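Have a look at run_29.pdb; it's PDB, C-alpha atoms and all ligand atoms:
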```pdb
MODEL        1
ATOM      1  CA  MET A   1    -252.122  78.863  -7.108  1.00  0.00           C
ATOM      2  CA  THR A   2    -250.991  81.853  -9.143  1.00  0.00           C
ATOM      3  CA  SER A   3    -248.870  83.940  -6.803  1.00  0.00           C
ATOM      4  CA  ASP A   4    -248.575  86.943  -9.178  1.00  0.00           C
ATOM      5  CA  SER A   5    -251.591  88.804  -7.991  1.00  0.00           C
ATOM      6  CA  LEU A   6    -252.306  87.305  -4.598  1.00  0.00           C
ATOM      7  CA  GLU A   7    -253.367  89.850  -2.016  1.00  0.00           C
ATOM      8  CA  LEU A   8    -251.880  89.327   1.449  1.00  0.00           C
ATOM      9  CA  VAL A   9    -252.541  91.337   4.588  1.00  0.00           C
ATOM     10  CA  PHE A  10    -249.405  91.839   6.664  1.00  0.00           C
ATOM     11  CA  ALA A  11    -250.294  91.489  10.362  1.00  0.00           C
ATOM     12  CA  THR A  12    -248.133  94.291  11.715  1.00  0.00           C
ATOM     13  CA  HIS A  13    -248.408  97.943  12.711  1.00  0.00           C
ATOM     14  CA  ASN A  14    -244.715  98.515  11.959  1.00  0.00           C
ATOM     15  CA  LEU A  15    -244.703 100.576   8.754  1.00  0.00           C
ATOM     16  CA  HIS A  16    -240.937 100.191   8.426  1.00  0.00           C
ATOM     17  CA  LYS A  17    -241.422  96.438   8.138  1.00  0.00           C
ATOM     18  CA  VAL A  18    -244.305  96.825   5.663  1.00  0.00           C
ATOM     19  CA  LYS A  19    -241.997  98.879   3.449  1.00  0.00           C
ATOM     20  CA  GLU A  20    -239.110  96.413   3.807  1.00  0.00           C
ATOM     21  CA  VAL A  21    -241.295  93.414   3.029  1.00  0.00           C
ATOM     22  CA  ALA A  22    -243.035  95.107   0.101  1.00  0.00           C
ATOM     23  CA  ALA A  23    -239.583  95.896  -1.347  1.00  0.00           C
ATOM     24  CA  ILE A  24    -238.701  92.184  -1.192  1.00  0.00           C
ATOM     25  CA  ILE A  25    -241.915  90.454  -2.317  1.00  0.00           C
ATOM     26  CA  GLY A  26    -244.053  93.341  -3.580  1.00  0.00           C
ATOM     27  CA  SER A  27    -243.709  92.360  -7.222  1.00  0.00           C
ATOM     28  CA  ARG A  28    -245.275  88.946  -6.584  1.00  0.00           C
ATOM     29  CA  PHE A  29    -247.810  89.683  -3.855  1.00  0.00           C
ATOM     30  CA  ILE A  30    -249.980  92.715  -3.235  1.00  0.00           C
ATOM     31  CA  ILE A  31    -249.154  93.646   0.357  1.00  0.00           C
ATOM     32  CA  LYS A  32    -251.928  95.289   2.337  1.00  0.00           C
ATOM     33  CA  SER A  33    -251.305  96.770   5.734  1.00  0.00           C
ATOM     34  CA  LEU A  34    -253.632  96.755   8.724  1.00  0.00           C
ATOM     35  CA  SER A  35    -254.150 100.486   8.162  1.00  0.00           C
ATOM     36  CA  ASP A  36    -255.632  99.581   4.758  1.00  0.00           C
ATOM     37  CA  LEU A  37    -258.240  97.635   6.781  1.00  0.00           C
ATOM     38  CA  SER A  38    -258.594 100.568   9.216  1.00  0.00           C
ATOM     39  CA  PHE A  39    -257.479  98.252  12.009  1.00  0.00           C
ATOM     40  CA  PHE A  40    -255.364  99.951  14.662  1.00  0.00           C
ATOM     41  CA  GLU A  41    -255.765  97.696  17.737  1.00  0.00           C
ATOM     42  CA  ASP A  42    -252.842  95.792  19.217  1.00  0.00           C
ATOM     43  CA  ILE A  43    -252.289  92.281  17.959  1.00  0.00           C
ATOM     44  CA  PRO A  44    -251.668  89.763  20.756  1.00  0.00           C
ATOM     45  CA  GLU A  45    -248.108  88.460  20.883  1.00  0.00           C
ATOM     46  CA  THR A  46    -247.883  86.332  24.014  1.00  0.00           C
ATOM     47  CA  ALA A  47    -246.312  83.062  22.860  1.00  0.00           C
ATOM     48  CA  ASP A  48    -242.911  82.054  24.223  1.00  0.00           C
ATOM     49  CA  THR A  49    -241.362  81.123  20.888  1.00  0.00           C
ATOM     50  CA  ILE A  50    -240.705  83.111  17.717  1.00  0.00           C
ATOM     51  CA  SER A  51    -242.766  80.734  15.549  1.00  0.00           C
ATOM     52  CA  GLY A  52    -245.550  80.734  18.168  1.00  0.00           C
ATOM     53  CA  ASN A  53    -245.781  84.518  18.016  1.00  0.00           C
ATOM     54  CA  ALA A  54    -245.766  84.600  14.199  1.00  0.00           C
ATOM     55  CA  LEU A  55    -248.594  82.052  14.109  1.00  0.00           C
ATOM     56  CA  GLN A  56    -250.537  83.837  16.840  1.00  0.00           C
ATOM     57  CA  LYS A  57    -250.458  87.153  14.933  1.00  0.00           C
ATOM     58  CA  ALA A  58    -251.406  85.584  11.577  1.00  0.00           C
ATOM     59  CA  ARG A  59    -254.226  83.549  13.180  1.00  0.00           C
ATOM     60  CA  PHE A  60    -255.533  86.670  14.907  1.00  0.00           C
ATOM     61  CA  VAL A  61    -255.841  88.583  11.623  1.00  0.00           C
ATOM     62  CA  PHE A  62    -257.281  85.561   9.835  1.00  0.00           C
ATOM     63  CA  SER A  63    -259.946  85.065  12.509  1.00  0.00           C
ATOM     64  CA  ARG A  64    -260.908  88.757  12.387  1.00  0.00           C
ATOM     65  CA  PHE A  65    -260.908  89.343   8.650  1.00  0.00           C
ATOM     66  CA  HIS A  66    -260.969  85.881   7.000  1.00  0.00           C
ATOM     67  CA  CYS A  67    -258.400  87.065   4.489  1.00  0.00           C
ATOM     68  CA  ASN A  68    -255.132  85.654   3.210  1.00  0.00           C
ATOM     69  CA  CYS A  69    -252.502  87.063   5.524  1.00  0.00           C
ATOM     70  CA  PHE A  70    -249.093  86.644   7.055  1.00  0.00           C
ATOM     71  CA  ALA A  71    -247.136  87.738  10.106  1.00  0.00           C
ATOM     72  CA  ASP A  72    -243.486  87.724  10.977  1.00  0.00           C
ATOM     73  CA  ASP A  73    -241.711  87.519  14.274  1.00  0.00           C
ATOM     74  CA  THR A  74    -238.037  88.111  14.826  1.00  0.00           C
ATOM     75  CA  GLY A  75    -235.624  87.561  17.645  1.00  0.00           C
ATOM     76  CA  LEU A  76    -232.022  88.520  18.191  1.00  0.00           C
ATOM     77  CA  ILE A  77    -230.138  85.571  19.617  1.00  0.00           C
ATOM     78  CA  VAL A  78    -226.890  86.356  21.421  1.00  0.00           C
ATOM     79  CA  GLU A  79    -224.652  83.402  22.259  1.00  0.00           C
ATOM     80  CA  ALA A  80    -222.968  84.922  25.339  1.00  0.00           C
ATOM     81  CA  LEU A  81    -226.415  85.771  26.769  1.00  0.00           C
ATOM     82  CA  ASP A  82    -227.709  82.189  26.506  1.00  0.00           C
ATOM     83  CA  ASN A  83    -229.620  83.163  23.347  1.00  0.00           C
ATOM     84  CA  ARG A  84    -231.390  86.133  24.900  1.00  0.00           C
ATOM     85  CA  PRO A  85    -233.162  88.452  24.161  1.00  0.00           C
ATOM     86  CA  GLY A  86    -234.716  86.053  21.585  1.00  0.00           C
ATOM     87  CA  VAL A  87    -238.489  86.163  21.567  1.00  0.00           C
ATOM     88  CA  TYR A  88    -238.341  89.142  23.969  1.00  0.00           C
ATOM     89  CA  SER A  89    -236.208  91.324  21.639  1.00  0.00           C
ATOM     90  CA  ALA A  90    -238.814  94.115  21.363  1.00  0.00           C
ATOM     91  CA  ARG A  91    -239.263  94.318  25.161  1.00  0.00           C
ATOM     92  CA  TYR A  92    -235.675  93.553  26.190  1.00  0.00           C
ATOM     93  CA  ALA A  93    -235.214  96.784  28.208  1.00  0.00           C
ATOM     94  CA  GLY A  94    -238.815  96.864  29.461  1.00  0.00           C
ATOM     95  CA  GLU A  95    -242.421  96.871  28.274  1.00  0.00           C
ATOM     96  CA  ASN A  96    -242.279 100.248  26.465  1.00  0.00           C
ATOM     97  CA  ALA A  97    -238.584 100.227  25.621  1.00  0.00           C
ATOM     98  CA  SER A  98    -237.397 102.186  22.591  1.00  0.00           C
ATOM     99  CA  TYR A  99    -234.966 100.733  20.064  1.00  0.00           C
ATOM    100  CA  GLU A 100    -232.258 102.895  21.686  1.00  0.00           C
ATOM    101  CA  ASP A 101    -233.058 101.557  25.189  1.00  0.00           C
ATOM    102  CA  ASN A 102    -232.754  97.980  23.927  1.00  0.00           C
ATOM    103  CA  VAL A 103    -229.448  98.625  22.160  1.00  0.00           C
ATOM    104  CA  ARG A 104    -228.063 100.361  25.260  1.00  0.00           C
ATOM    105  CA  LYS A 105    -229.010  97.422  27.452  1.00  0.00           C
ATOM    106  CA  LEU A 106    -227.492  94.954  24.994  1.00  0.00           C
ATOM    107  CA  LEU A 107    -224.159  96.802  24.869  1.00  0.00           C
ATOM    108  CA  LYS A 108    -224.121  97.030  28.658  1.00  0.00           C
ATOM    109  CA  GLU A 109    -224.778  93.297  29.092  1.00  0.00           C
ATOM    110  CA  LEU A 110    -222.017  92.463  26.627  1.00  0.00           C
ATOM    111  CA  GLU A 111    -219.455  94.773  28.221  1.00  0.00           C
ATOM    112  CA  GLY A 112    -216.193  92.871  28.775  1.00  0.00           C
ATOM    113  CA  LYS A 113    -217.421  89.777  26.878  1.00  0.00           C
ATOM    114  CA  THR A 114    -215.190  88.509  24.076  1.00  0.00           C
ATOM    115  CA  ASN A 115    -217.832  86.266  22.508  1.00  0.00           C
ATOM    116  CA  ARG A 116    -219.990  88.726  20.516  1.00  0.00           C
ATOM    117  CA  LYS A 117    -221.637  86.109  18.241  1.00  0.00           C
ATOM    118  CA  ALA A 118    -225.289  86.761  17.454  1.00  0.00           C
ATOM    119  CA  ALA A 119    -227.959  85.864  14.918  1.00  0.00           C
ATOM    120  CA  PHE A 120    -231.270  87.258  13.818  1.00  0.00           C
ATOM    121  CA  VAL A 121    -234.009  84.673  13.338  1.00  0.00           C
ATOM    122  CA  THR A 122    -237.294  85.455  11.594  1.00  0.00           C
ATOM    123  CA  VAL A 123    -240.280  83.174  11.255  1.00  0.00           C
ATOM    124  CA  ILE A 124    -243.019  84.040   8.783  1.00  0.00           C
ATOM    125  CA  ALA A 125    -246.430  82.467   9.258  1.00  0.00           C
ATOM    126  CA  VAL A 126    -248.648  82.599   6.187  1.00  0.00           C
ATOM    127  CA  ILE A 127    -252.325  81.655   6.042  1.00  0.00           C
ATOM    128  CA  ILE A 128    -253.666  81.155   2.533  1.00  0.00           C
ATOM    129  CA  ASP A 129    -257.150  79.764   1.986  1.00  0.00           C
ATOM    130  CA  GLY A 130    -257.120  78.832   5.674  1.00  0.00           C
ATOM    131  CA  LYS A 131    -253.953  76.713   5.365  1.00  0.00           C
ATOM    132  CA  GLU A 132    -250.927  77.580   7.529  1.00  0.00           C
ATOM    133  CA  HIS A 133    -247.310  77.631   6.327  1.00  0.00           C
ATOM    134  CA  LEU A 134    -244.112  78.537   8.235  1.00  0.00           C
ATOM    135  CA  PHE A 135    -240.825  79.832   6.774  1.00  0.00           C
ATOM    136  CA  GLU A 136    -237.642  80.556   8.741  1.00  0.00           C
ATOM    137  CA  GLY A 137    -234.719  82.842   7.925  1.00  0.00           C
ATOM    138  CA  ARG A 138    -231.509  83.284   9.894  1.00  0.00           C
ATOM    139  CA  ILE A 139    -228.432  85.444   9.531  1.00  0.00           C
ATOM    140  CA  GLU A 140    -225.275  85.080  11.595  1.00  0.00           C
ATOM    141  CA  GLY A 141    -223.155  87.979  12.725  1.00  0.00           C
ATOM    142  CA  GLU A 142    -221.780  89.758  15.756  1.00  0.00           C
ATOM    143  CA  ILE A 143    -222.665  92.620  18.072  1.00  0.00           C
ATOM    144  CA  ILE A 144    -220.136  95.437  17.775  1.00  0.00           C
ATOM    145  CA  LYS A 145    -219.134  97.601  20.735  1.00  0.00           C
ATOM    146  CA  GLU A 146    -220.792 100.867  19.696  1.00  0.00           C
ATOM    147  CA  THR A 147    -223.544 101.894  17.296  1.00  0.00           C
ATOM    148  CA  ARG A 148    -222.693 102.556  13.644  1.00  0.00           C
ATOM    149  CA  GLY A 149    -225.069 103.908  10.985  1.00  0.00           C
ATOM    150  CA  THR A 150    -228.473 105.536  10.927  1.00  0.00           C
ATOM    151  CA  GLY A 151    -230.503 103.324   8.577  1.00  0.00           C
ATOM    152  CA  GLY A 152    -232.801 100.423   9.375  1.00  0.00           C
ATOM    153  CA  PHE A 153    -234.324 100.015  12.827  1.00  0.00           C
ATOM    154  CA  GLY A 154    -234.072  98.027  16.050  1.00  0.00           C
ATOM    155  CA  TYR A 155    -230.658  96.454  16.636  1.00  0.00           C
ATOM    156  CA  ASP A 156    -229.389  97.326  13.127  1.00  0.00           C
ATOM    157  CA  PRO A 157    -226.739  99.845  14.329  1.00  0.00           C
ATOM    158  CA  VAL A 158    -224.918  97.176  16.382  1.00  0.00           C
ATOM    159  CA  PHE A 159    -225.425  94.112  14.160  1.00  0.00           C
ATOM    160  CA  LEU A 160    -222.535  93.306  11.848  1.00  0.00           C
ATOM    161  CA  PRO A 161    -223.482  90.431   9.521  1.00  0.00           C
ATOM    162  CA  ALA A 162    -220.771  87.770   9.067  1.00  0.00           C
ATOM    163  CA  GLY A 163    -218.475  88.700   6.166  1.00  0.00           C
ATOM    164  CA  SER A 164    -219.709  92.311   6.026  1.00  0.00           C
ATOM    165  CA  GLU A 165    -217.819  95.474   6.892  1.00  0.00           C
ATOM    166  CA  LEU A 166    -221.057  97.402   7.260  1.00  0.00           C
ATOM    167  CA  THR A 167    -223.650  97.094   9.995  1.00  0.00           C
ATOM    168  CA  PHE A 168    -227.255  96.710   8.836  1.00  0.00           C
ATOM    169  CA  ALA A 169    -227.734 100.393   9.735  1.00  0.00           C
ATOM    170  CA  GLU A 170    -224.841 101.462   7.468  1.00  0.00           C
ATOM    171  CA  MET A 171    -226.078  99.513   4.435  1.00  0.00           C
ATOM    172  CA  GLU A 172    -228.244 100.694   1.606  1.00  0.00           C
ATOM    173  CA  GLU A 173    -231.716  99.328   2.267  1.00  0.00           C
ATOM    174  CA  SER A 174    -231.478  97.278  -0.918  1.00  0.00           C
ATOM    175  CA  LEU A 175    -228.380  95.464   0.388  1.00  0.00           C
ATOM    176  CA  LYS A 176    -229.975  94.670   3.759  1.00  0.00           C
ATOM    177  CA  ASN A 177    -233.035  93.432   1.875  1.00  0.00           C
ATOM    178  CA  LYS A 178    -230.904  90.968  -0.087  1.00  0.00           C
ATOM    179  CA  MET A 179    -229.307  89.293   2.917  1.00  0.00           C
ATOM    180  CA  SER A 180    -231.410  89.867   6.030  1.00  0.00           C
ATOM    181  CA  HIS A 181    -233.103  87.186   8.145  1.00  0.00           C
ATOM    182  CA  ARG A 182    -236.456  88.545   6.899  1.00  0.00           C
ATOM    183  CA  ALA A 183    -235.317  88.381   3.262  1.00  0.00           C
ATOM    184  CA  VAL A 184    -234.165  84.756   3.680  1.00  0.00           C
ATOM    185  CA  ALA A 185    -237.552  83.755   5.137  1.00  0.00           C
ATOM    186  CA  LEU A 186    -239.473  85.739   2.495  1.00  0.00           C
ATOM    187  CA  ASN A 187    -237.458  84.219  -0.326  1.00  0.00           C
ATOM    188  CA  LYS A 188    -238.288  80.732   0.988  1.00  0.00           C
ATOM    189  CA  MET A 189    -241.933  81.764   0.946  1.00  0.00           C
ATOM    190  CA  LEU A 190    -241.635  83.078  -2.637  1.00  0.00           C
ATOM    191  CA  GLU A 191    -239.953  79.875  -3.758  1.00  0.00           C
ATOM    192  CA  TYR A 192    -242.645  77.750  -2.133  1.00  0.00           C
ATOM    193  CA  PHE A 193    -245.526  79.621  -3.750  1.00  0.00           C
ATOM    194  CA  ALA A 194    -243.792  79.713  -7.137  1.00  0.00           C
ATOM    195  CA  LYS A 195    -244.100  75.899  -7.334  1.00  0.00           C
TER     196      LYS A 195
HETATM  197  P1  LIG B   1    -240.561  91.755  15.487  1.00  0.00           P
HETATM  198  O1  LIG B   1    -240.993  90.478  16.042  1.00  0.00           O
HETATM  199  O2  LIG B   1    -240.294  91.670  14.019  1.00  0.00           O
HETATM  200  O3  LIG B   1    -241.417  92.915  15.867  1.00  0.00           O
HETATM  201  O4  LIG B   1    -239.129  92.063  16.080  1.00  0.00           O
HETATM  202  C1  LIG B   1    -238.880  92.136  17.475  1.00  0.00           C
HETATM  203  C2  LIG B   1    -237.759  93.095  17.719  1.00  0.00           C
HETATM  204  O5  LIG B   1    -236.573  92.609  17.073  1.00  0.00           O
HETATM  205  C3  LIG B   1    -237.988  94.493  17.138  1.00  0.00           C
HETATM  206  O6  LIG B   1    -238.606  95.325  18.063  1.00  0.00           O
HETATM  207  C4  LIG B   1    -236.591  94.970  16.847  1.00  0.00           C
HETATM  208  O7  LIG B   1    -236.015  95.505  17.998  1.00  0.00           O
HETATM  209  C5  LIG B   1    -235.865  93.671  16.512  1.00  0.00           C
HETATM  210  N1  LIG B   1    -235.786  93.488  15.052  1.00  0.00           N
HETATM  211  C6  LIG B   1    -236.650  92.838  14.244  1.00  0.00           C
HETATM  212  N2  LIG B   1    -236.231  92.883  12.972  1.00  0.00           N
HETATM  213  C7  LIG B   1    -235.080  93.595  12.980  1.00  0.00           C
HETATM  214  C8  LIG B   1    -234.184  93.998  11.964  1.00  0.00           C
HETATM  215  O8  LIG B   1    -234.334  93.732  10.759  1.00  0.00           O
HETATM  216  N3  LIG B   1    -233.127  94.699  12.376  1.00  0.00           N
HETATM  217  C9  LIG B   1    -232.889  95.032  13.680  1.00  0.00           C
HETATM  218  N4  LIG B   1    -233.711  94.707  14.656  1.00  0.00           N
HETATM  219  C10 LIG B   1    -234.793  93.978  14.315  1.00  0.00           C
ENDMDL
END
```

Write out the structure in this file as structure tokens.
Amino acid sequence: MTSDSLELVFATHNLHKVKEVAAIIGSRFIIKSLSDLSFFEDIPETADTISGNALQKARFVFSRFHCNCFADDTGLIVEALDNRPGVYSARYAGENASYEDNVRKLLKELEGKTNRKAAFVTVIAVIIDGKEHLFEGRIEGEIIKETRGTGGFGYDPVFLPAGSELTFAEMEESLKNKMSHRAVALNKMLEYFAK
């Protein structure tokens, strides 16, 4: 397979993620969004694992459009919360919770806890010519006590990657894109398809 010009539909409605992913792998793959296909319906995401959700979203788009596509699913895993919110990270504070609601709930649950260890885990499910592939990326870090920074999205303002003085929300996008859970998974995907 020549990966240089391969067109891939990204099974997400999150334009922030489309931009982030295109910045990481856009020179090797042509990333199309669901808006490019004029598709605005919700994509089912009902599995109880991160990889299950990534596969479910990719399979959904593949079955609808029969195109090469991929989906990602991410969870924030917090040690002191028995690895919650995990697969439920988007809906941690309730079905229609905003990023701010989720961060508020997280800080509240961690109040008084000394163990602040956390990790982001991303699984990318890719379907090319009908064949499924999974790639996982993980980054370790900790949850700080109050928000810092205005960049990124989701839990970025409270996630301090191990060895960094800046939260994901304080970093230049290009720095986050070098080290993030999503970047690690995407780079594994790039490496695989470069073979
Ligand atoms: P998703 O599966 O990629 O939609 O991610 C689920 C939830 O995890 C999102 O709603 C965000 O709250 C959070 N999340 C995913 N990726 C990131 C990230 O790069 N930074 C911070 N939060 C993230």

Can you measure atom CA of A:Glu140 to atom CA of A:Lys178 for me? One decimal in Å is fine.
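Taking atom CA of A:Glu140 and atom CA of A:Lys178, their separation equals 14.2 Å.
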
Report the residues retrieved by the PyMOL selection byres (((chain A and resi 89) around 8) and not hetatm) from the displayed file, expressed as a list in words.
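Listing what the PyMOL selection byres (((chain A and resi 89) around 8) and not hetatm) selects in the shown file: Thr74, Gly75, Leu76, Arg84, Pro85, Gly86, Val87, Tyr88, Ala90, Arg91, Tyr92 and Asn102 of chain A.
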
Which chains and residue numbers are within 10 Å of ligand LIG 1 (chain B), counting only C-alpha atoms and all ligand atoms, if I want them as an MDAnalysis selection string?
chainID A and resid 12:14 16:17 20 45 50:51 53:54 71:77 85:92 97:103 120:124 151:159 168:169 176:177 180:183

Counting only C-alpha atoms, closest pick from A:Ile24, A:Phe60, A:Phe135, A:Leu8 relative to A:Asp36 is A:Leu8

Mind pulling up the distance from atom CA of A:Cys67 to atom CA of A:Arg138?
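The value is 27.7 Å.
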
Point-to-point distance in Å for atom CA of A:Ile43 and atom CA of A:Lys57
6.2 Å

If you take every atom of stretch 124-130 of chain A that the file lists and fit an axis-aligned box around them with 4 Å extra on each side, what centre and edge lengths come out in Å to one decimal, as lines of an AutoDock Vina configuration file?
```
center_x = -250.1
center_y = 81.4
center_z = 5.6
size_x = 22.1
size_y = 13.2
size_z = 15.3
```

May I ask which of the residues A:Lys188, A:Arg104, A:His66, A:Lys145 is the closest one to A:Ile128, counting all atoms listed in the file?
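Of the candidates, the smallest distance to A:Ile128 is held by A:His66.
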
Which residue gives the smallest distance to A:Asn83 among A:Ala118, A:Leu6, A:Ala22, A:Leu190, with all atoms listed in the file counted?
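Closest to A:Asn83, using all atoms listed in the file: A:Ala118.
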
Closest of A:Val126, A:Ser63, A:Pro44, A:Asn187 to A:Glu7 - atom-to-atom distances counting all atoms listed in the file:
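Going through A:Val126, A:Ser63, A:Pro44, A:Asn187 one by one, the smallest distance to A:Glu7 is for A:Val126.
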